[in-house]
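Here is the file my_file.txt (compact mmCIF, C-alpha atoms).
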# COMPACT_ATOMS: atom_id res chain seq x y z
CA MET A 1 21.34 -14.79 3.73
CA ARG A 2 19.19 -16.17 6.55
CA ILE A 3 15.54 -15.79 5.57
CA ARG A 4 12.27 -16.45 7.31
CA ALA A 5 9.21 -16.41 5.07
CA VAL A 6 5.71 -15.72 6.37
CA LEU A 7 2.81 -16.46 4.01
CA ASN A 8 -0.61 -14.96 4.67
CA ARG A 9 -3.17 -17.70 4.00
CA GLY A 10 -5.79 -15.01 3.40
CA GLY A 11 -3.74 -13.17 0.76
CA GLY A 12 -5.68 -12.58 -2.47
CA THR A 13 -3.62 -15.01 -4.56
CA LEU A 14 -2.39 -17.34 -1.81
CA SER A 15 -5.95 -18.01 -0.64
CA THR A 16 -6.54 -19.95 -3.87
CA MET A 17 -3.15 -21.73 -4.04
CA ASP A 18 -1.63 -24.88 -2.55
CA LEU A 19 0.65 -23.35 0.07
CA ASN A 20 2.63 -26.57 0.49
CA THR A 21 3.66 -26.24 -3.16
CA VAL A 22 4.55 -22.56 -2.73
CA SER A 23 6.59 -23.34 0.40
CA ALA A 24 8.44 -26.15 -1.35
CA ARG A 25 9.24 -23.90 -4.29
CA LEU A 26 10.54 -21.13 -2.03
CA THR A 27 12.76 -23.59 -0.19
CA GLU A 28 14.10 -25.13 -3.40
CA VAL A 29 14.90 -21.89 -5.24
CA PHE A 30 16.37 -19.97 -2.31
CA THR A 31 18.47 -22.94 -1.18
CA GLN A 32 19.86 -23.34 -4.69
CA ALA A 33 20.79 -19.65 -4.62
CA GLY A 34 22.84 -20.21 -1.46
CA HIS A 35 20.39 -18.92 1.15
CA THR A 36 18.94 -20.51 4.27
CA ILE A 37 15.15 -20.21 4.43
CA ASP A 38 12.34 -21.30 6.76
CA VAL A 39 8.74 -20.96 5.55
CA THR A 40 5.57 -20.74 7.60
CA ALA A 41 1.97 -20.06 6.56
CA VAL A 42 -0.46 -18.42 9.01
CA GLU A 43 -3.97 -17.01 9.09
CA GLY A 44 -4.37 -13.24 8.85
CA LYS A 45 -5.04 -12.76 12.57
CA ALA A 46 -1.68 -14.37 13.41
CA ILE A 47 0.36 -12.53 10.79
CA ALA A 48 1.64 -9.74 13.07
CA ASP A 49 3.06 -12.15 15.67
CA ALA A 50 4.60 -14.33 12.95
CA ILE A 51 6.34 -11.35 11.33
CA ARG A 52 7.56 -10.03 14.68
CA HIS A 53 8.93 -13.48 15.55
CA SER A 54 10.71 -13.65 12.18
CA CYS A 55 12.27 -10.20 12.65
CA GLU A 56 13.88 -11.41 15.85
CA ARG A 57 15.42 -14.50 14.25
CA SER A 58 16.54 -13.68 10.73
CA GLU A 59 18.40 -11.23 8.54
CA VAL A 60 15.66 -11.13 5.90
CA VAL A 61 11.90 -11.34 6.41
CA LEU A 62 9.97 -12.43 3.33
CA VAL A 63 6.22 -11.83 3.44
CA GLY A 64 3.69 -13.25 1.03
CA GLY A 65 0.45 -11.28 0.92
CA GLY A 66 -1.13 -8.02 -0.15
CA ASP A 67 -0.29 -4.40 0.53
CA GLY A 68 -1.71 -4.58 4.06
CA THR A 69 0.61 -7.46 4.99
CA VAL A 70 3.55 -5.73 3.33
CA SER A 71 2.84 -2.46 5.14
CA LEU A 72 2.66 -4.26 8.49
CA ALA A 73 6.02 -5.95 7.90
CA ALA A 74 7.63 -2.73 6.67
CA SER A 75 6.47 -0.88 9.80
CA MET A 76 8.35 -3.42 11.94
CA ILE A 77 11.51 -3.41 9.80
CA ALA A 78 11.90 0.30 8.97
CA GLY A 79 14.93 1.92 10.57
CA THR A 80 16.55 -1.42 11.49
CA ASP A 81 19.26 -3.49 9.82
CA LYS A 82 16.66 -6.07 8.69
CA ILE A 83 15.70 -6.56 5.04
CA LEU A 84 12.15 -6.95 3.71
CA ALA A 85 11.38 -9.25 0.77
CA ILE A 86 7.93 -9.22 -0.84
CA LEU A 87 6.15 -12.11 -2.54
CA PRO A 88 3.27 -10.27 -4.27
CA ALA A 89 0.17 -12.27 -3.39
CA GLY A 90 -2.50 -9.62 -2.88
CA THR A 91 -5.06 -8.01 -5.17
CA MET A 92 -3.21 -4.89 -6.37
CA ASN A 93 0.37 -5.42 -5.04
CA LEU A 94 1.10 -1.71 -5.44
CA PHE A 95 4.31 -1.52 -3.41
CA ALA A 96 5.65 -4.64 -5.13
CA ARG A 97 4.97 -2.92 -8.46
CA SER A 98 6.97 0.10 -7.24
CA LEU A 99 9.90 -2.22 -6.58
CA ALA A 100 9.59 -3.89 -10.03
CA ILE A 101 8.96 -7.29 -8.46
CA PRO A 102 7.29 -9.69 -10.96
CA LEU A 103 3.64 -10.34 -10.13
CA ASP A 104 3.77 -14.01 -11.14
CA ILE A 105 4.53 -15.95 -7.95
CA ASP A 106 7.04 -18.38 -9.44
CA THR A 107 8.85 -15.66 -11.39
CA ALA A 108 8.98 -13.48 -8.28
CA ILE A 109 10.53 -16.30 -6.23
CA THR A 110 13.35 -16.70 -8.75
CA ALA A 111 13.90 -12.94 -9.07
CA LEU A 112 14.10 -12.44 -5.30
CA ALA A 113 16.42 -15.40 -4.74
CA GLU A 114 18.87 -13.78 -7.17
CA GLY A 115 18.08 -10.23 -6.06
CA ARG A 116 19.91 -7.33 -4.48
CA VAL A 117 19.28 -5.05 -1.50
CA ARG A 118 18.00 -1.53 -2.09
CA ARG A 119 17.07 1.32 0.25
CA VAL A 120 13.69 2.98 -0.37
CA ASP A 121 11.52 5.60 1.32
CA MET A 122 8.71 5.17 3.80
CA ALA A 123 6.26 7.67 5.21
CA CYS A 124 4.58 8.10 8.56
CA VAL A 125 1.22 9.51 9.68
CA ASN A 126 0.79 10.30 13.39
CA GLY A 127 3.52 7.82 14.25
CA ARG A 128 2.16 5.01 12.04
CA PRO A 129 4.48 4.07 9.13
CA PHE A 130 3.14 3.36 5.66
CA VAL A 131 4.61 2.34 2.31
CA HIS A 132 1.95 3.42 -0.17
CA GLN A 133 -0.79 5.87 0.81
CA PHE A 134 -2.73 7.59 3.57
CA SER A 135 -6.19 8.72 2.48
CA ILE A 136 -9.43 10.31 3.65
CA GLY A 137 -12.77 10.69 1.90
CA MET A 138 -13.69 8.49 -1.07
CA HIS A 139 -11.03 5.83 -0.70
CA PRO A 140 -11.87 4.85 2.91
CA GLN A 141 -15.56 5.06 2.00
CA LEU A 142 -14.97 2.58 -0.83
CA ILE A 143 -12.97 0.23 1.43
CA HIS A 144 -15.72 0.32 4.06
CA LEU A 145 -18.45 -0.47 1.53
CA ARG A 146 -16.35 -3.28 0.01
CA SER A 147 -15.85 -4.84 3.45
CA ARG A 148 -19.62 -5.40 3.63
CA ILE A 149 -19.67 -7.41 0.38
CA PRO A 150 -18.77 -11.14 0.67
CA PHE A 151 -15.99 -12.19 -1.71
CA ARG A 152 -13.28 -14.78 -2.12
CA GLY A 153 -9.95 -14.55 -3.89
CA ARG A 154 -8.44 -11.82 -6.04
CA LEU A 155 -11.16 -11.76 -8.69
CA GLY A 156 -13.89 -11.64 -6.04
CA LYS A 157 -12.19 -8.67 -4.36
CA LEU A 158 -11.94 -6.83 -7.68
CA LEU A 159 -15.65 -7.34 -8.35
CA ALA A 160 -16.51 -6.22 -4.81
CA SER A 161 -14.32 -3.14 -5.32
CA ALA A 162 -16.25 -2.28 -8.50
CA GLN A 163 -19.56 -2.55 -6.62
CA ALA A 164 -18.23 -0.37 -3.80
CA ALA A 165 -16.90 2.20 -6.28
CA LEU A 166 -20.33 2.46 -7.89
CA ALA A 167 -21.96 3.02 -4.48
CA THR A 168 -19.32 5.65 -3.64
CA PHE A 169 -19.98 7.39 -6.96
CA ARG A 170 -23.70 7.59 -6.13
CA ASN A 171 -23.16 9.04 -2.66
CA PRO A 172 -19.74 10.67 -2.15
CA HIS A 173 -18.89 12.23 1.21
CA ASN A 174 -17.28 15.68 1.16
CA LEU A 175 -14.86 16.86 3.84
CA ASP A 176 -13.73 20.35 4.82
CA VAL A 177 -10.00 20.35 5.59
CA ALA A 178 -7.03 22.61 6.22
CA LEU A 179 -3.66 21.62 4.73
CA THR A 180 -0.24 23.08 5.50
CA PHE A 181 2.87 22.03 3.57
CA GLY A 182 6.02 24.04 2.93
CA ASP A 183 4.97 27.69 2.71
CA ALA A 184 1.46 26.80 1.51
CA GLU A 185 -1.76 26.87 3.53
CA LEU A 186 -4.92 25.56 1.91
CA LEU A 187 -8.55 25.50 3.06
CA THR A 188 -10.73 23.32 0.87
CA SER A 189 -13.75 21.06 0.60
CA THR A 190 -12.98 17.78 -1.15
CA SER A 191 -14.35 14.30 -1.71
CA GLY A 192 -10.93 12.79 -1.21
CA ILE A 193 -7.28 13.39 -0.33
CA GLY A 194 -4.44 10.93 -0.77
CA ILE A 195 -0.97 11.54 0.62
CA THR A 196 1.48 9.13 -0.94
CA ASN A 197 4.96 7.77 -0.33
CA ASN A 198 6.45 9.37 -3.47
CA LEU A 199 4.55 10.52 -6.54
CA PHE A 200 2.49 8.14 -8.65
CA GLY A 201 3.74 7.35 -12.12
CA GLU A 202 1.67 7.99 -15.23
CA GLY A 203 -0.21 5.52 -17.42
CA HIS A 204 -0.73 2.69 -14.96
CA LEU A 205 -2.25 1.78 -11.59
CA PRO A 206 -1.55 4.27 -8.79
CA TYR A 207 1.94 3.36 -7.59
CA ALA A 208 5.25 5.20 -7.39
CA GLU A 209 7.83 4.54 -10.08
CA LYS A 210 10.61 6.00 -7.90
CA PRO A 211 10.31 4.45 -4.41
CA ASP A 212 13.35 6.48 -3.33
CA GLY A 213 12.18 9.76 -4.88
CA GLY A 214 12.28 11.59 -1.55
CA VAL A 215 8.88 13.38 -1.63
CA LEU A 216 5.32 13.01 -0.44
CA GLY A 217 2.64 13.29 -3.10
CA ILE A 218 -0.50 15.25 -2.16
CA TYR A 219 -3.53 14.43 -4.32
CA ILE A 220 -6.65 16.53 -3.75
CA THR A 221 -9.82 15.51 -5.61
CA ARG A 222 -11.59 18.46 -7.23
CA ALA A 223 -14.74 16.62 -8.34
CA GLU A 224 -17.79 18.85 -7.72
CA ASP A 225 -20.57 16.56 -8.91
CA ARG A 226 -21.15 12.95 -9.99
CA TRP A 227 -19.98 13.54 -13.56
CA ASP A 228 -16.76 15.08 -12.27
CA LEU A 229 -16.39 12.07 -10.02
CA LEU A 230 -16.96 9.69 -12.92
CA ALA A 231 -14.27 11.51 -14.92
CA PHE A 232 -11.96 11.22 -11.91
CA PHE A 233 -12.50 7.44 -11.62
CA ILE A 234 -11.90 6.93 -15.35
CA ASN A 235 -8.70 8.98 -15.34
CA MET A 236 -7.48 7.23 -12.19
CA ALA A 237 -8.08 3.80 -13.78
CA LEU A 238 -6.07 4.90 -16.82
CA GLY A 239 -3.28 6.32 -14.67
CA ARG A 240 -3.86 9.90 -15.81
CA TRP A 241 -2.75 12.14 -12.95
CA ARG A 242 -0.92 15.10 -14.48
CA GLU A 243 -3.56 15.40 -17.23
CA ASN A 244 -6.48 15.01 -14.80
CA ASN A 245 -8.08 18.40 -14.14
CA LYS A 246 -10.16 16.84 -11.35
CA VAL A 247 -7.04 16.34 -9.22
CA GLU A 248 -4.74 18.96 -7.71
CA ILE A 249 -1.20 17.63 -7.10
CA HIS A 250 1.47 18.97 -4.75
CA GLU A 251 4.81 17.75 -3.41
CA ALA A 252 6.20 18.10 0.11
CA HIS A 253 8.40 16.46 2.71
CA GLU A 254 5.99 17.13 5.56
CA VAL A 255 2.23 17.80 5.70
CA HIS A 256 -0.16 18.96 8.42
CA LEU A 257 -3.79 18.06 7.83
CA LYS A 258 -6.67 19.27 10.01
CA ILE A 259 -10.20 17.89 9.60
CA LEU A 260 -12.78 20.67 9.90
CA SER A 261 -15.92 18.63 9.17
CA ALA A 262 -17.95 17.21 12.03
CA GLY A 263 -19.42 13.72 12.10
CA LYS A 264 -18.40 10.18 13.02
CA ARG A 265 -19.19 8.53 9.69
CA PHE A 266 -15.82 9.44 8.17
CA ARG A 267 -12.77 7.18 8.26
CA SER A 268 -9.16 7.19 7.14
CA ALA A 269 -7.19 4.49 5.36
CA ILE A 270 -3.51 3.59 5.64
CA ASP A 271 -2.24 1.23 2.95
CA GLY A 272 -5.76 -0.05 2.40
CA GLU A 273 -6.62 -0.65 6.08
CA LEU A 274 -9.39 1.38 7.76
CA PHE A 275 -8.88 3.52 10.87
CA PRO A 276 -11.07 5.99 12.77
CA LEU A 277 -10.79 9.56 11.53
CA GLU A 278 -8.72 11.82 13.77
CA ARG A 279 -8.98 15.60 13.81
CA ASP A 280 -5.28 16.37 13.20
CA TYR A 281 -2.66 14.55 11.16
CA HIS A 282 1.06 15.00 10.79
CA ILE A 283 2.53 13.19 7.78
CA GLU A 284 6.26 13.07 7.08
CA LEU A 285 8.63 11.27 4.73
CA TRP A 286 11.30 8.88 6.02
CA PRO A 287 13.95 8.95 3.25
CA LYS A 288 15.52 5.54 2.53
CA ALA A 289 14.36 4.16 5.87
CA LEU A 290 13.60 0.67 4.54
CA GLN A 291 15.89 -2.00 3.12
CA VAL A 292 14.16 -4.21 0.55
CA LEU A 293 15.14 -7.16 -1.60
CA VAL A 294 14.52 -6.39 -5.28
CA PRO A 295 15.30 -8.13 -8.58
CA ALA A 296 18.87 -7.73 -9.79
CA GLU A 297 19.40 -4.97 -12.33
Could you spell out this file's structure in structure tokens?
Amino acid sequence: MRIRAVLNRGGGTLSTMDLNTVSARLTEVFTQAGHTIDVTAVEGKAIADAIRHSCERSEVVLVGGGDGTVSLAASMIAGTDKILAILPAGTMNLFARSLAIPLDIDTAITALAEGRVRRVDMACVNGRPFVHQFSIGMHPQLIHLRSRIPFRGRLGKLLASAQAALATFRNPHNLDVALTFGDAELLTSTSGIGITNNLFGEGHLPYAEKPDGGVLGIYITRAEDRWDLLAFFINMALGRWRENNKVEIHEAHEVHLKILSAGKRFRSAIDGELFPLERDYHIELWPKALQVLVPAE
């Protein structure tokens, strides 16, 4: 296969690594496996142009970075005959976990070079594709607070996330919303809603175990006070979703979400990136819209 690799210099893991060594290792392993590969490393602000350029010139686009970088690449590749390969180099690497890609960089390189192509689902909110989650409420609030804390590298981001989570716990923002999915209509006040590309698995970080499961997951936080919120955070960290009475879970193929609360302080998040809050959202699943390179069975 013809492969162009784009490494995000600002990726959580890559920001602390020698990228010349990573590039050399990619070239060596993929060439030995019979592929042709070109590797480039760019700063975060240039990542979109680099990925777009690679899509035009190769069969496979390999991106090294976190979930934001992966989501950006997937949005350009979805629905085409191109193939996305992921070198997990972010903080959480949630979509890579869904695809069972090893989190160790060197192990991932070997697994991908000997991998196979698989079709998986994507989702879309108001025309913007995503691979993991669209959220309102607590999650965007946490991301916003974390962005104001200086940090470097993966460990620094984890510590900043813990600080932001504590601040969110002290002052959660509630939203009044209207949800329509299938035959259900729901009016509710909540501190957070996540709509996910397939349902999260149990007993681990929040990522889907079946990336081609064919459903949207709808997670509505039912925390009414700080102690409820603390219980929610603990259960979420332990991967307890079905046993978590602070979360209401639904499945759908299409969701309409209307924001009833006023105020400009609220935001939304798509695969960990912040966006202004809109009043109306239409979220739909794109079954098997993305071709990805995964480890061989």
Here is a test: counting all atoms listed in the file, which residue of A:His253, A:Lys258, A:His35, A:Arg128 is nearest to A:Leu112?
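Of the candidates, the smallest distance to A:Leu112 is held by A:His35.
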Top pick for closest residue to A:Ala208, considering A:Ser98, A:Ser268, A:Thr190, A:Asn245 and counting all atoms listed in the file:
A:Ser98
Pairwise distance for atom CA of A:Pro276 and atom CA of A:Asn174, rounded to one decimal in Å:
16.3 Å
Neighbours of A:Asn20 within 12 Å (only C-alpha atoms; same-chain residues fewer than 3 positions away dropped), as a PyMOL selection string?
chain A and resi 7+9+14+17+23-27+39-41
Would you kindly return, as a JSON list (two decimals) with C-alpha atoms, in the frame of the given file, each protein, DNA or RNA residue with an atom no farther than 9 Å from any atom of A:Val117, considering all atoms listed in the file and excluding same-chain residues fewer than 2 positions away?
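Output below, filename result30.json:
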[["chain", "number", "residue", "atom", "x", "y", "z"],
["A", 83, "ILE", "CA", 15.70, -6.56, 5.04],
["A", 115, "GLY", "CA", 18.08, -10.23, -6.06],
["A", 119, "ARG", "CA", 17.07, 1.32, 0.25],
["A", 291, "GLN", "CA", 15.89, -2.00, 3.12],
["A", 292, "VAL", "CA", 14.16, -4.21, 0.55],
["A", 293, "LEU", "CA", 15.14, -7.16, -1.60],
["A", 294, "VAL", "CA", 14.52, -6.39, -5.28],
["A", 295, "PRO", "CA", 15.30, -8.13, -8.58],
["A", 296, "ALA", "CA", 18.87, -7.73, -9.79]]
Quick one: distance from atom CA of A:Ile109 to atom CA of A:Ala237 in Å, one decimal?
28.4 Å
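Among the candidates A:Trp286, A:Trp241, A:Tyr281, A:Phe275, the one nearest to A:His139 when counting only C-alpha atoms is A:Phe275.
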Restricting the calculation to all atoms listed in the file: of A:Arg116, A:Lys288, A:Arg97, A:His53, which residue gets closest to A:Asp212?
A:Lys288
Quick one: residues within 8 Å of stretch 180-189 of chain A, only C-alpha atoms, excluding same-chain residues fewer than 5 positions away - as number ranges by chain?
A: 174-175, 252-257
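In this comparison, which uses all atoms listed in the file, the residue of A:Pro129, A:Gly201, A:Gly64, A:Pro140 approaching A:Leu274 most closely is A:Pro140.
Nearest to A:Val42 of all the residues A:Met138, A:Gly10, A:Ser54, A:Leu205 is A:Gly10, based on all atoms listed in the file.
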To one decimal in Å, tell me the separation between atom CA of A:Asn198 and atom CA of A:Leu94.
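Pair atom CA of A:Asn198 / atom CA of A:Leu94 returns 12.5 Å.
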Contact residues around stretch 72-82 of chain A with all atoms listed in the file at 6 Å, ignoring same-chain residues under 3 positions, as a PDB file with C-alpha atoms, in the coordinates of the input:
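Result written to around12.pdb:
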ATOM      1  CA  GLU A  59      18.400 -11.230   8.540  1.00  0.00           C
ATOM      2  CA  VAL A  60      15.660 -11.130   5.900  1.00  0.00           C
ATOM      3  CA  THR A  69       0.610  -7.460   4.990  1.00  0.00           C
ATOM      4  CA  PRO A 129       4.480   4.070   9.130  1.00  0.00           C
ATOM      5  CA  ALA A 289      14.360   4.160   5.870  1.00  0.00           C
ATOM      6  CA  LEU A 290      13.600   0.670   4.540  1.00  0.00           C
TER       7      LEU A 290
END
